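Below is one structure; the comments refer to it alone.
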Amino acid sequence: MSQQVIHQMVKFQRQVNSLVKSNIIKPTDSLWKIALLYGDEWAYWKQQLIEFGFSMQDPVSDLLVVEGWDED
């Protein structure tokens, strides 16, 4: 039996989804609003998002609809 490692972006996506479900942020909010919640960790997550082609003006909903985080 082998364990599958969950991609770090899947974990981040789940955390952001939880924030949306808790009405802390809205799906229509820009990604930069997450920075207010992640504090010191934001620089890392911002870089990850940029590497996957996101801009900080993209809506949170764009992040939530990603089905695969394959790195080519």
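Residues in the structure tokens are numbered from 1 in each chain, the chains being A, B, ... in the order shown, and ligands are numbered from 1 in the order shown.
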Excluding same-chain residues fewer than 2 positions from Asp29 in chain A, what lies within 10 Å of it counting only C-alpha atoms, as a count of residues only?
13
So which residues touch range 62-69 of chain A within 10 Å, counting only C-alpha atoms, skipping near sequence neighbours fewer than 4 positions away, as a ChimeraX atom specification?
/A:6-10,12-14,16-17,20,27-28,30-31,49,52,54,58
If you run DSSP on the backbone here, which positions in chain A get alpha helix (DSSP H)? Please write them as a PyMOL selection string.
chain A and resi 8-21+35-38+42-51+60-64
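Going from CA of Gly39 in chain A over to CA of Asp70 in chain A, you cover 26.3 Å.
For the choices A:Trp45, A:Asn23, A:Ile50, A:Asp40, the atom-to-atom distance to Lys11 in chain A is smallest for A:Trp45 when using only C-alpha atoms.
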